[in-house]
file upload19.tsv (TSV, C-alpha atoms (C1' of nucleotides))
chain	number	residue	atom	x	y	z
A	24	MET	CA	-30.06	-13.19	-9.59
A	25	ALA	CA	-26.69	-13.84	-11.18
A	26	LYS	CA	-25.11	-11.01	-13.10
A	27	GLN	CA	-24.86	-11.17	-16.87
A	28	LYS	CA	-21.44	-12.36	-18.03
A	29	VAL	CA	-19.52	-9.95	-20.24
A	30	LEU	CA	-16.09	-10.35	-21.76
A	31	ALA	CA	-14.12	-7.13	-22.12
A	32	ILE	CA	-10.99	-7.06	-24.26
A	33	VAL	CA	-8.77	-4.13	-23.34
A	34	GLY	CA	-5.23	-2.93	-23.94
A	35	PRO	CA	-3.20	-0.28	-25.69
A	36	THR	CA	-3.67	0.88	-29.26
A	37	GLY	CA	-2.21	-1.32	-31.96
A	38	ILE	CA	-1.78	-4.45	-29.90
A	39	GLY	CA	-4.32	-6.63	-31.71
A	40	LYS	CA	-7.57	-6.31	-29.78
A	41	THR	CA	-9.67	-6.34	-32.94
A	42	ALA	CA	-8.24	-9.58	-34.29
A	43	LEU	CA	-8.60	-11.32	-30.95
A	44	SER	CA	-12.18	-10.10	-30.49
A	45	ILE	CA	-13.23	-11.59	-33.80
A	46	ARG	CA	-11.49	-14.86	-33.08
A	47	LEU	CA	-13.21	-15.11	-29.71
A	48	ALA	CA	-16.58	-14.07	-31.15
A	49	HIS	CA	-16.41	-17.08	-33.43
A	50	ALA	CA	-15.35	-19.36	-30.62
A	51	LEU	CA	-17.97	-18.13	-28.16
A	52	ASN	CA	-20.90	-17.44	-30.51
A	53	GLY	CA	-20.52	-13.80	-29.62
A	54	GLU	CA	-21.15	-10.34	-30.96
A	55	ILE	CA	-18.87	-7.37	-30.48
A	56	VAL	CA	-19.48	-3.98	-28.91
A	57	SER	CA	-16.76	-1.48	-29.76
A	58	CYS	CA	-15.66	0.68	-26.84
A	59	ASP	CA	-13.76	3.28	-28.74
A	60	SER	CA	-14.37	7.01	-28.69
A	61	MET	CA	-13.13	7.56	-32.24
A	62	GLN	CA	-14.18	4.48	-34.19
A	63	VAL	CA	-17.81	5.49	-33.60
A	64	TYR	CA	-17.44	8.26	-36.13
A	65	LYS	CA	-18.36	7.62	-39.73
A	66	LYS	CA	-15.82	8.30	-42.49
A	67	MET	CA	-12.91	8.31	-40.06
A	68	ASP	CA	-11.72	4.91	-41.19
A	69	ILE	CA	-8.00	4.91	-41.78
A	70	GLY	CA	-6.83	7.09	-38.89
A	71	THR	CA	-8.89	5.21	-36.31
A	72	ALA	CA	-7.88	1.80	-37.69
A	73	LYS	CA	-11.57	0.96	-37.81
A	74	VAL	CA	-12.52	-2.67	-38.39
A	75	THR	CA	-13.19	-3.31	-42.07
A	76	GLU	CA	-16.09	-5.40	-43.31
A	77	GLN	CA	-13.55	-8.02	-44.32
A	78	GLU	CA	-12.02	-8.15	-40.87
A	79	LYS	CA	-15.45	-8.43	-39.26
A	80	ASP	CA	-15.74	-11.79	-40.97
A	81	GLY	CA	-19.49	-11.90	-40.48
A	82	ILE	CA	-19.42	-10.97	-36.80
A	83	VAL	CA	-22.01	-8.35	-35.83
A	84	HIS	CA	-20.48	-5.15	-34.45
A	85	TYR	CA	-22.12	-2.42	-32.39
A	86	LEU	CA	-21.15	1.20	-31.83
A	87	VAL	CA	-18.74	1.45	-34.72
A	88	ASP	CA	-19.22	3.76	-37.65
A	89	GLU	CA	-22.54	5.16	-36.52
A	90	GLN	CA	-22.06	8.79	-35.52
A	91	ALA	CA	-21.68	11.71	-37.93
A	92	TYR	CA	-18.21	13.10	-37.37
A	93	ASP	CA	-19.50	16.65	-36.97
A	94	ILE	CA	-21.68	15.71	-33.99
A	95	PRO	CA	-20.00	15.30	-30.60
A	96	TYR	CA	-20.15	12.02	-28.76
A	97	ASN	CA	-19.58	11.44	-25.06
A	98	VAL	CA	-19.54	8.94	-22.23
A	99	LYS	CA	-23.15	9.33	-21.25
A	100	VAL	CA	-24.34	8.51	-24.75
A	101	PHE	CA	-21.91	5.65	-24.95
A	102	GLN	CA	-22.93	4.22	-21.59
A	103	LYS	CA	-26.57	4.03	-22.60
A	104	LYS	CA	-25.94	2.56	-26.02
A	105	CYS	CA	-23.39	0.08	-24.77
A	106	ARG	CA	-25.71	-1.26	-22.10
A	107	GLN	CA	-28.49	-1.49	-24.68
A	108	ALA	CA	-26.21	-3.40	-27.03
A	109	ILE	CA	-25.28	-5.87	-24.30
A	110	GLU	CA	-28.97	-6.43	-23.69
A	111	THR	CA	-29.73	-6.87	-27.38
A	112	ILE	CA	-26.95	-9.41	-27.78
A	113	THR	CA	-28.03	-11.33	-24.72
A	114	HIS	CA	-31.62	-11.47	-25.95
A	115	LYS	CA	-30.41	-12.98	-29.20
A	116	GLY	CA	-28.77	-15.71	-27.18
A	117	LYS	CA	-25.31	-14.50	-28.15
A	118	PHE	CA	-22.36	-13.70	-25.95
A	119	PRO	CA	-21.44	-10.04	-25.46
A	120	ILE	CA	-17.82	-9.17	-26.13
A	121	LEU	CA	-16.72	-5.62	-25.47
A	122	CYS	CA	-13.57	-4.51	-27.22
A	123	GLY	CA	-11.84	-1.18	-27.11
A	124	GLY	CA	-9.27	1.11	-25.67
A	125	THR	CA	-11.31	3.95	-24.22
A	126	GLY	CA	-10.99	3.19	-20.53
A	127	LEU	CA	-13.54	5.67	-19.24
A	128	TYR	CA	-16.19	4.39	-21.66
A	129	LEU	CA	-15.60	0.81	-20.54
A	130	LYS	CA	-15.79	1.69	-16.90
A	131	ALA	CA	-18.84	3.93	-17.22
A	132	ALA	CA	-20.78	1.23	-19.05
A	133	LEU	CA	-19.76	-1.70	-16.88
A	134	TYR	CA	-19.70	-0.09	-13.44
A	135	ASP	CA	-22.56	1.65	-11.69
A	136	TYR	CA	-21.66	5.09	-12.99
A	137	ASP	CA	-24.80	7.21	-13.00
A	138	PHE	CA	-25.02	10.22	-15.27
A	139	GLN	CA	-27.97	12.47	-14.61
A	140	GLU	CA	-30.07	14.64	-16.85
A	141	GLU	CA	-28.66	18.12	-17.01
A	142	GLN	CA	-29.87	21.40	-18.43
A	143	PRO	CA	-26.89	23.15	-19.92
A	144	ASP	CA	-26.48	26.74	-18.74
A	145	THR	CA	-24.47	28.42	-21.46
A	146	GLN	CA	-24.27	31.68	-19.58
A	147	TYR	CA	-22.71	30.04	-16.56
A	148	ASP	CA	-20.34	28.06	-18.80
A	149	ALA	CA	-19.27	31.25	-20.50
A	150	TYR	CA	-18.68	32.83	-17.11
A	151	LEU	CA	-16.54	29.91	-15.98
A	152	HIS	CA	-14.40	30.22	-19.07
A	153	THR	CA	-13.60	33.81	-18.20
A	154	LEU	CA	-12.04	32.75	-14.87
A	155	ASN	CA	-8.38	31.93	-14.54
A	156	ASN	CA	-7.12	28.72	-12.97
A	157	ASP	CA	-6.78	30.12	-9.48
A	158	GLN	CA	-10.24	31.65	-9.57
A	159	LEU	CA	-11.72	28.38	-10.80
A	160	HIS	CA	-9.98	26.50	-8.03
A	161	GLU	CA	-11.16	28.95	-5.43
A	162	LEU	CA	-14.74	28.73	-6.63
A	163	LEU	CA	-14.60	24.95	-6.72
A	164	ASN	CA	-13.27	24.97	-3.21
A	165	LYS	CA	-16.51	26.66	-2.15
A	166	GLN	CA	-18.84	24.48	-4.22
A	167	ASP	CA	-17.13	21.13	-3.71
A	168	PRO	CA	-14.11	21.22	-1.41
A	169	GLN	CA	-13.34	17.53	-1.78
A	170	SER	CA	-13.18	17.78	-5.56
A	171	ALA	CA	-11.05	20.89	-5.22
A	172	GLN	CA	-8.62	18.76	-3.25
A	173	LYS	CA	-8.49	16.05	-5.88
A	174	ILE	CA	-8.45	18.12	-9.04
A	175	HIS	CA	-5.17	19.88	-9.76
A	176	SER	CA	-5.51	23.63	-10.07
A	177	HIS	CA	-3.97	23.53	-13.56
A	178	ASN	CA	-6.62	21.18	-14.86
A	179	ARG	CA	-9.15	23.67	-16.20
A	180	LYS	CA	-11.25	21.12	-18.00
A	181	ARG	CA	-11.85	19.09	-14.86
A	182	MET	CA	-12.44	22.10	-12.63
A	183	ILE	CA	-14.98	23.54	-15.04
A	184	ARG	CA	-16.81	20.25	-15.31
A	185	ALA	CA	-16.96	19.85	-11.53
A	186	LEU	CA	-18.37	23.36	-11.26
A	187	GLN	CA	-20.96	22.63	-13.94
A	188	ILE	CA	-22.05	19.58	-11.97
A	189	ALA	CA	-22.34	21.51	-8.74
A	190	HIS	CA	-24.35	24.15	-10.60
A	191	GLN	CA	-26.94	21.43	-11.43
A	192	GLY	CA	-27.66	20.59	-7.79
A	193	LEU	CA	-25.68	17.89	-6.04
A	194	ASN	CA	-21.97	18.39	-6.48
A	195	LYS	CA	-19.59	15.81	-7.92
A	196	THR	CA	-18.62	14.39	-4.57
A	197	GLN	CA	-22.23	14.03	-3.47
A	198	ARG	CA	-23.26	12.43	-6.74
A	199	GLU	CA	-20.50	9.86	-6.62
A	200	ALA	CA	-21.26	9.07	-3.00
A	201	GLN	CA	-24.56	7.61	-4.25
A	202	GLN	CA	-22.75	4.97	-6.25
A	203	ASN	CA	-21.21	1.74	-5.02
A	204	HIS	CA	-18.32	1.82	-7.50
A	205	GLU	CA	-18.94	-1.79	-8.40
A	206	PRO	CA	-19.40	-3.62	-11.71
A	207	ILE	CA	-23.00	-4.26	-12.69
A	208	TYR	CA	-22.02	-7.30	-14.77
A	209	ASP	CA	-19.94	-10.39	-14.18
A	210	ILE	CA	-16.95	-9.21	-16.20
A	211	PHE	CA	-13.77	-10.88	-17.35
A	212	PHE	CA	-11.30	-8.14	-18.23
A	213	LEU	CA	-8.90	-9.61	-20.76
A	214	GLY	CA	-5.90	-7.31	-21.18
A	215	LEU	CA	-3.37	-7.59	-23.98
A	216	SER	CA	0.20	-6.60	-23.26
A	217	VAL	CA	3.56	-6.93	-24.97
A	218	ASP	CA	7.08	-5.71	-24.40
A	219	ARG	CA	7.09	-1.93	-24.69
A	220	ASP	CA	9.74	-1.70	-27.41
A	221	LEU	CA	7.83	-4.20	-29.49
A	222	LEU	CA	4.60	-2.25	-29.06
A	223	HIS	CA	6.37	0.92	-30.16
A	224	ASP	CA	7.63	-0.83	-33.29
A	225	ARG	CA	4.13	-2.01	-34.08
A	226	ILE	CA	2.64	1.42	-33.53
A	227	ASN	CA	5.24	3.05	-35.78
A	228	GLN	CA	4.62	0.51	-38.51
A	229	ARG	CA	0.88	0.89	-38.21
A	230	VAL	CA	1.12	4.64	-38.68
A	231	ASP	CA	3.26	4.10	-41.79
A	232	ARG	CA	0.60	1.73	-43.12
A	233	MET	CA	-2.07	4.37	-42.49
A	234	PHE	CA	-0.17	6.81	-44.65
A	235	ASP	CA	0.21	4.15	-47.36
A	236	ALA	CA	-3.52	3.51	-47.16
A	237	GLY	CA	-4.34	7.16	-47.83
A	238	LEU	CA	-4.56	8.84	-44.45
A	239	VAL	CA	-3.61	12.22	-45.91
A	240	GLU	CA	-6.48	12.07	-48.40
A	241	GLU	CA	-8.94	10.98	-45.72
A	242	VAL	CA	-8.02	13.84	-43.41
A	243	GLN	CA	-8.02	16.32	-46.26
A	244	SER	CA	-11.51	15.30	-47.33
A	245	LEU	CA	-12.92	15.66	-43.80
A	246	PHE	CA	-10.96	18.35	-42.01
A	247	ALA	CA	-9.57	20.79	-44.58
A	248	ASP	CA	-11.98	23.48	-43.40
A	249	PRO	CA	-10.73	25.25	-40.25
A	250	LYS	CA	-14.29	25.22	-38.90
A	251	THR	CA	-14.06	21.45	-38.56
A	252	TRP	CA	-11.08	21.75	-36.24
A	253	GLU	CA	-13.45	22.38	-33.35
A	254	TYR	CA	-15.18	19.04	-33.77
A	255	THR	CA	-14.67	16.54	-30.99
A	256	SER	CA	-13.78	14.00	-33.65
A	257	PHE	CA	-10.84	16.15	-34.74
A	258	GLN	CA	-9.20	15.43	-31.41
A	259	GLY	CA	-8.40	11.96	-32.67
A	260	ILE	CA	-4.77	11.02	-33.02
A	261	GLY	CA	-3.99	10.79	-36.70
A	262	TYR	CA	-6.23	13.77	-37.43
A	263	LYS	CA	-5.50	16.69	-35.12
A	264	GLU	CA	-1.81	16.60	-36.04
A	265	PHE	CA	-2.67	17.69	-39.59
A	266	LYS	CA	-3.70	21.13	-38.38
A	267	ALA	CA	-0.05	22.16	-38.45
A	268	TYR	CA	0.16	20.83	-42.02
A	269	PHE	CA	-2.90	22.76	-43.14
A	270	LEU	CA	-1.40	25.87	-41.60
A	271	LYS	CA	1.84	25.11	-43.46
A	272	GLU	CA	3.79	24.99	-40.22
A	273	LYS	CA	4.96	21.41	-40.68
A	274	ASN	CA	5.54	19.02	-43.55
A	275	LEU	CA	4.02	15.58	-43.86
A	276	GLU	CA	7.11	13.84	-42.52
A	277	GLU	CA	6.88	15.89	-39.32
A	278	ILE	CA	3.16	15.11	-39.06
A	279	ARG	CA	3.86	11.40	-39.42
A	280	THR	CA	6.45	11.54	-36.65
A	281	GLN	CA	4.07	13.48	-34.41
A	282	ILE	CA	1.30	10.93	-34.93
A	283	LYS	CA	3.68	8.14	-33.96
A	284	THR	CA	4.73	9.98	-30.80
A	285	ASN	CA	1.16	10.77	-29.80
A	286	SER	CA	0.12	7.17	-30.40
A	287	ARG	CA	2.93	5.90	-28.17
A	288	ARG	CA	1.99	8.28	-25.40
A	289	TYR	CA	-1.65	7.31	-25.73
A	290	ALA	CA	-0.73	3.65	-25.43
A	291	LYS	CA	1.11	4.45	-22.22
A	292	ARG	CA	-1.91	6.22	-20.76
A	293	GLN	CA	-4.09	3.28	-21.69
A	294	TYR	CA	-1.78	0.93	-19.82
A	295	THR	CA	-1.95	3.22	-16.81
A	296	TRP	CA	-5.74	3.20	-16.87
A	297	PHE	CA	-6.24	-0.51	-17.29
A	298	ARG	CA	-3.53	-1.41	-14.79
A	299	ASN	CA	-5.02	0.77	-12.08
A	300	GLN	CA	-8.72	1.24	-12.72
A	301	MET	CA	-9.91	-2.33	-13.13
A	302	ASP	CA	-8.98	-5.87	-12.30
A	303	VAL	CA	-7.46	-7.07	-15.57
A	304	HIS	CA	-6.12	-10.51	-16.47
A	305	TRP	CA	-3.11	-9.84	-18.69
A	306	TYR	CA	-1.99	-11.98	-21.63
A	307	GLU	CA	0.33	-11.78	-24.60
A	308	PRO	CA	-1.82	-11.60	-27.74
A	309	ASP	CA	-0.85	-15.10	-28.91
A	310	ASP	CA	-1.11	-16.79	-25.52
A	311	PRO	CA	-2.97	-20.13	-26.04
A	312	LYS	CA	-4.23	-19.94	-22.46
A	313	ILE	CA	-6.61	-17.11	-23.39
A	314	GLU	CA	-9.35	-19.34	-24.78
A	315	GLU	CA	-8.82	-21.91	-22.08
A	316	ASP	CA	-9.24	-19.36	-19.29
A	317	ILE	CA	-12.26	-17.74	-20.93
A	318	GLN	CA	-14.00	-21.08	-21.33
A	319	ALA	CA	-13.29	-21.92	-17.69
A	320	TRP	CA	-14.68	-18.58	-16.59
A	321	ILE	CA	-17.81	-19.00	-18.69
A	322	SER	CA	-18.57	-22.45	-17.38
A	323	SER	CA	-18.05	-21.42	-13.77
A	324	CYS	CA	-21.41	-20.62	-12.22
A	325	ARG	CA	-20.12	-17.57	-10.51
A	326	GLU	CA	-16.77	-16.05	-10.19
A	327	GLU	CA	-15.78	-14.50	-6.93
B	22	G	C1'	48.85	13.76	-46.52
B	23	G	C1'	48.59	18.72	-43.45
B	24	U	C1'	45.93	22.32	-40.22
B	25	C	C1'	41.81	23.27	-37.24
B	26	U	C1'	37.13	22.20	-34.67
B	27	C	C1'	34.06	18.85	-32.17
B	28	A	C1'	33.08	14.29	-29.00
B	29	U	C1'	28.48	15.26	-22.19
B	30	A	C1'	21.31	11.60	-21.12
B	31	G	C1'	17.80	7.84	-26.36
B	32	C	C1'	18.11	12.82	-29.63
B	33	U	C1'	19.60	18.25	-30.00
B	34	C	C1'	22.71	20.79	-26.99
B	35	A	C1'	24.28	23.82	-22.30
B	36	G	C1'	27.87	23.66	-18.32
B	37	U	C1'	31.69	22.99	-14.65
B	38	U	C1'	37.64	29.84	-13.71
B	39	G	C1'	39.55	21.58	-11.66
B	40	G	C1'	35.58	19.40	-6.28
B	41	U	C1'	31.95	13.34	-10.85
B	42	A	C1'	26.66	17.62	-14.40
B	43	G	C1'	21.48	20.22	-16.53
B	44	A	C1'	17.68	22.11	-20.26
B	45	G	C1'	14.21	21.01	-24.31
B	46	C	C1'	12.26	16.89	-26.82
B	47	A	C1'	11.76	11.61	-26.29
B	48	A	C1'	11.07	7.94	-22.40
B	49	C	C1'	9.03	6.25	-17.75
B	50	G	C1'	5.34	6.45	-13.46
B	51	G	C1'	0.56	8.40	-11.86
B	52	A	C1'	-4.56	10.80	-11.72
B	53	C	C1'	-9.14	10.23	-14.23
B	54	U	C1'	-17.40	9.78	-13.35
B	55	G	C1'	-20.96	14.21	-19.51
B	56	A	C1'	-14.34	16.62	-24.71
B	57	A	C1'	-11.24	10.66	-22.36
B	58	A	C1'	-7.36	9.26	-29.02
B	59	A	C1'	-9.23	14.62	-24.22
B	60	U	C1'	-7.17	17.01	-19.79
B	61	C	C1'	-3.66	17.22	-15.89
B	62	C	C1'	0.47	15.86	-12.33
B	63	G	C1'	5.27	13.70	-11.18
B	64	U	C1'	10.44	11.47	-12.37
B	65	G	C1'	16.93	12.65	-14.88
B	66	U	C1'	17.46	7.52	-16.67
B	67	G	C1'	24.89	9.59	-17.59
B	68	U	C1'	31.81	4.96	-16.89
B	69	C	C1'	30.96	13.64	-19.47
B	70	G	C1'	34.65	9.03	-26.70
B	71	U	C1'	39.22	5.67	-25.22
B	72	U	C1'	43.88	5.84	-22.86
B	73	G	C1'	48.14	7.90	-20.37
B	74	G	C1'	50.01	12.34	-17.61
B	75	U	C1'	49.84	16.72	-14.12
B	76	U	C1'	47.02	17.27	-9.38
B	77	C	C1'	44.93	15.98	-2.75
B	78	A	C1'	41.13	15.77	-6.67
B	79	A	C1'	40.25	15.50	-14.00
B	80	U	C1'	34.21	15.36	-17.37
B	81	U	C1'	37.06	20.10	-17.11
B	82	C	C1'	44.20	21.15	-18.00
B	83	C	C1'	48.23	18.50	-21.23
B	84	G	C1'	49.66	14.27	-24.66
B	85	A	C1'	48.38	10.06	-27.62
B	86	C	C1'	44.61	7.28	-29.95
B	87	U	C1'	39.68	6.58	-32.22
B	88	G	C1'	35.53	8.68	-34.63
B	89	A	C1'	32.90	12.91	-37.02
B	90	G	C1'	33.13	17.56	-39.54
B	91	A	C1'	35.50	21.92	-41.88
B	92	C	C1'	39.49	23.98	-44.47
B	93	C	C1'	44.34	23.51	-47.11
B	94	A	C1'	46.85	20.50	-50.51
call {"tool": "encode", "arguments": {"input": "upload19.tsv", "output": "structure tokens"}}
result
Amino acid sequence: MAKQKVLAIVGPTGIGKTALSIRLAHALNGEIVSCDSMQVYKKMDIGTAKVTEQEKDGIVHYLVDEQAYDIPYNVKVFQKKCRQAIETITHKGKFPILCGGTGLYLKAALYDYDFQEEQPDTQYDAYLHTLNNDQLHELLNKQDPQSAQKIHSHNRKRMIRALQIAHQGLNKTQREAQQNHEPIYDIFFLGLSVDRDLLHDRINQRVDRMFDAGLVEEVQSLFADPKTWEYTSFQGIGYKEFKAYFLKEKNLEEIRTQIKTNSRRYAKRQYTWFRNQMDVHWYEPDDPKIEEDIQAWISSCREE
RNA sequence: GGUCUCAUAGCUCAGUUGGUAGAGCAACGGACUGAAAAUCCGUGUGUCGUUGGUUCAAUUCCGACUGAGACCA
């Protein structure tokens, strides 16, 4: 049986994925699934550059604006919901268009990543957090030597996660050996790319527009309480930087500059991911060949 | 107008008792399987303002010029 066709629009922040996705949704009778780890959260509108109702232009969107910002979200949840959304869209006879910049989410949903049920062991987690980097690395080397090789001994977050996995039964290496590392759909990865200086200009301007649109008020209304600084959602660029402002360590101008810098660096990491993790067809955002190539891909019985 | 100080990486600056130079930030490259807008790793990208002079050798010493700043008028 032929795999379901899925279009995935990827690329760095601020390059125009949203606008293109809506244009293509109209052209292809499609509906859009957002693949963005921050736009899922409700109320975080300005800082995440979330699609507005106006911009949606009648196109149905999934996985945007649906999670309370004080509840953590993660890849496993996303993977399930994204696959469900693709199914829902297909059943309606519409074309599924994925659009977003969170590379891991895209890959987990579209490839045969398999997340298992786990029972959290808070005691063990607490124990792991008491270990220093060298101790973590040493322990990981016993539990999962191959992962210990791959994960740098300074990367606490990754070492702890690998140890948590091993604690559940099969270790990370064994789990991943059960996967084929192949896409489960027939995917066209459409990547948007522009000259780096131009992208930086756009990012800087977009951050300025966020401030004009009331970013400070938005952040103040959601994250003024220090307790909220632990939320996963507060890790978003455009939010976390305000911590220094709340603590009176920096003024708003410094915060604005920091947000621009972090956005640029994020864009760079996104390029790195999409260039190296998946087979992307790259285009400039206004390239007229985009629609042509998509139509050709859709009408081809199978792409190989 | 006069005196003095400064001029080194994209930015802020260090340094070479004369043998063509290094930090932070930025930037760039990479990793990535339950926080991923997270987390982590790697890389110095430079006519040492311009131009003469001294010297085997000048970014370093001397002169002139240009620019910036401070002070005196």
call {"tool": "closest_residue", "arguments": {"input": "upload19.tsv", "among": "A:Glu205, A:Glu264, A:Glu272, A:Glu315", "to": "A:Asp137", "atoms": "all atoms listed in the file"}}
result
A:Glu205
call {"tool": "interface_residues", "arguments": {"input": "upload19.tsv", "of": "chain B", "to": "chain A", "cutoff": "8 Å", "atoms": "only C-alpha atoms (C1' of nucleotides)", "output": "list in words"}}
result
G51, U54, G55, A56, A57, A58, A59, U60, C61 and C62 of chain B
call {"tool": "write_last_selection", "arguments": {"input": "upload19.tsv", "atoms": "C-alpha atoms (C1' of nucleotides)", "output": "tab-separated table (two decimals), in the coordinates of the input"}}
result
chain	number	residue	atom	x	y	z
B	51	G	C1'	0.56	8.40	-11.86
B	54	U	C1'	-17.40	9.78	-13.35
B	55	G	C1'	-20.96	14.21	-19.51
B	56	A	C1'	-14.34	16.62	-24.71
B	57	A	C1'	-11.24	10.66	-22.36
B	58	A	C1'	-7.36	9.26	-29.02
B	59	A	C1'	-9.23	14.62	-24.22
B	60	U	C1'	-7.17	17.01	-19.79
B	61	C	C1'	-3.66	17.22	-15.89
B	62	C	C1'	0.47	15.86	-12.33
call {"tool": "atom_distance", "arguments": {"input": "upload19.tsv", "atom1": "atom CA of A:Ile207", "atom2": "atom CA of A:Thr41"}}
result
24.3 Å
call {"tool": "atom_distance", "arguments": {"input": "upload19.tsv", "atom1": "atom CA of A:Val29", "atom2": "atom CA of A:Asp209"}}
result
6.1 Å
call {"tool": "atom_distance", "arguments": {"input": "upload19.tsv", "atom1": "atom C1' of B:A28", "atom2": "atom C1' of B:G73"}}
result
18.5 Å
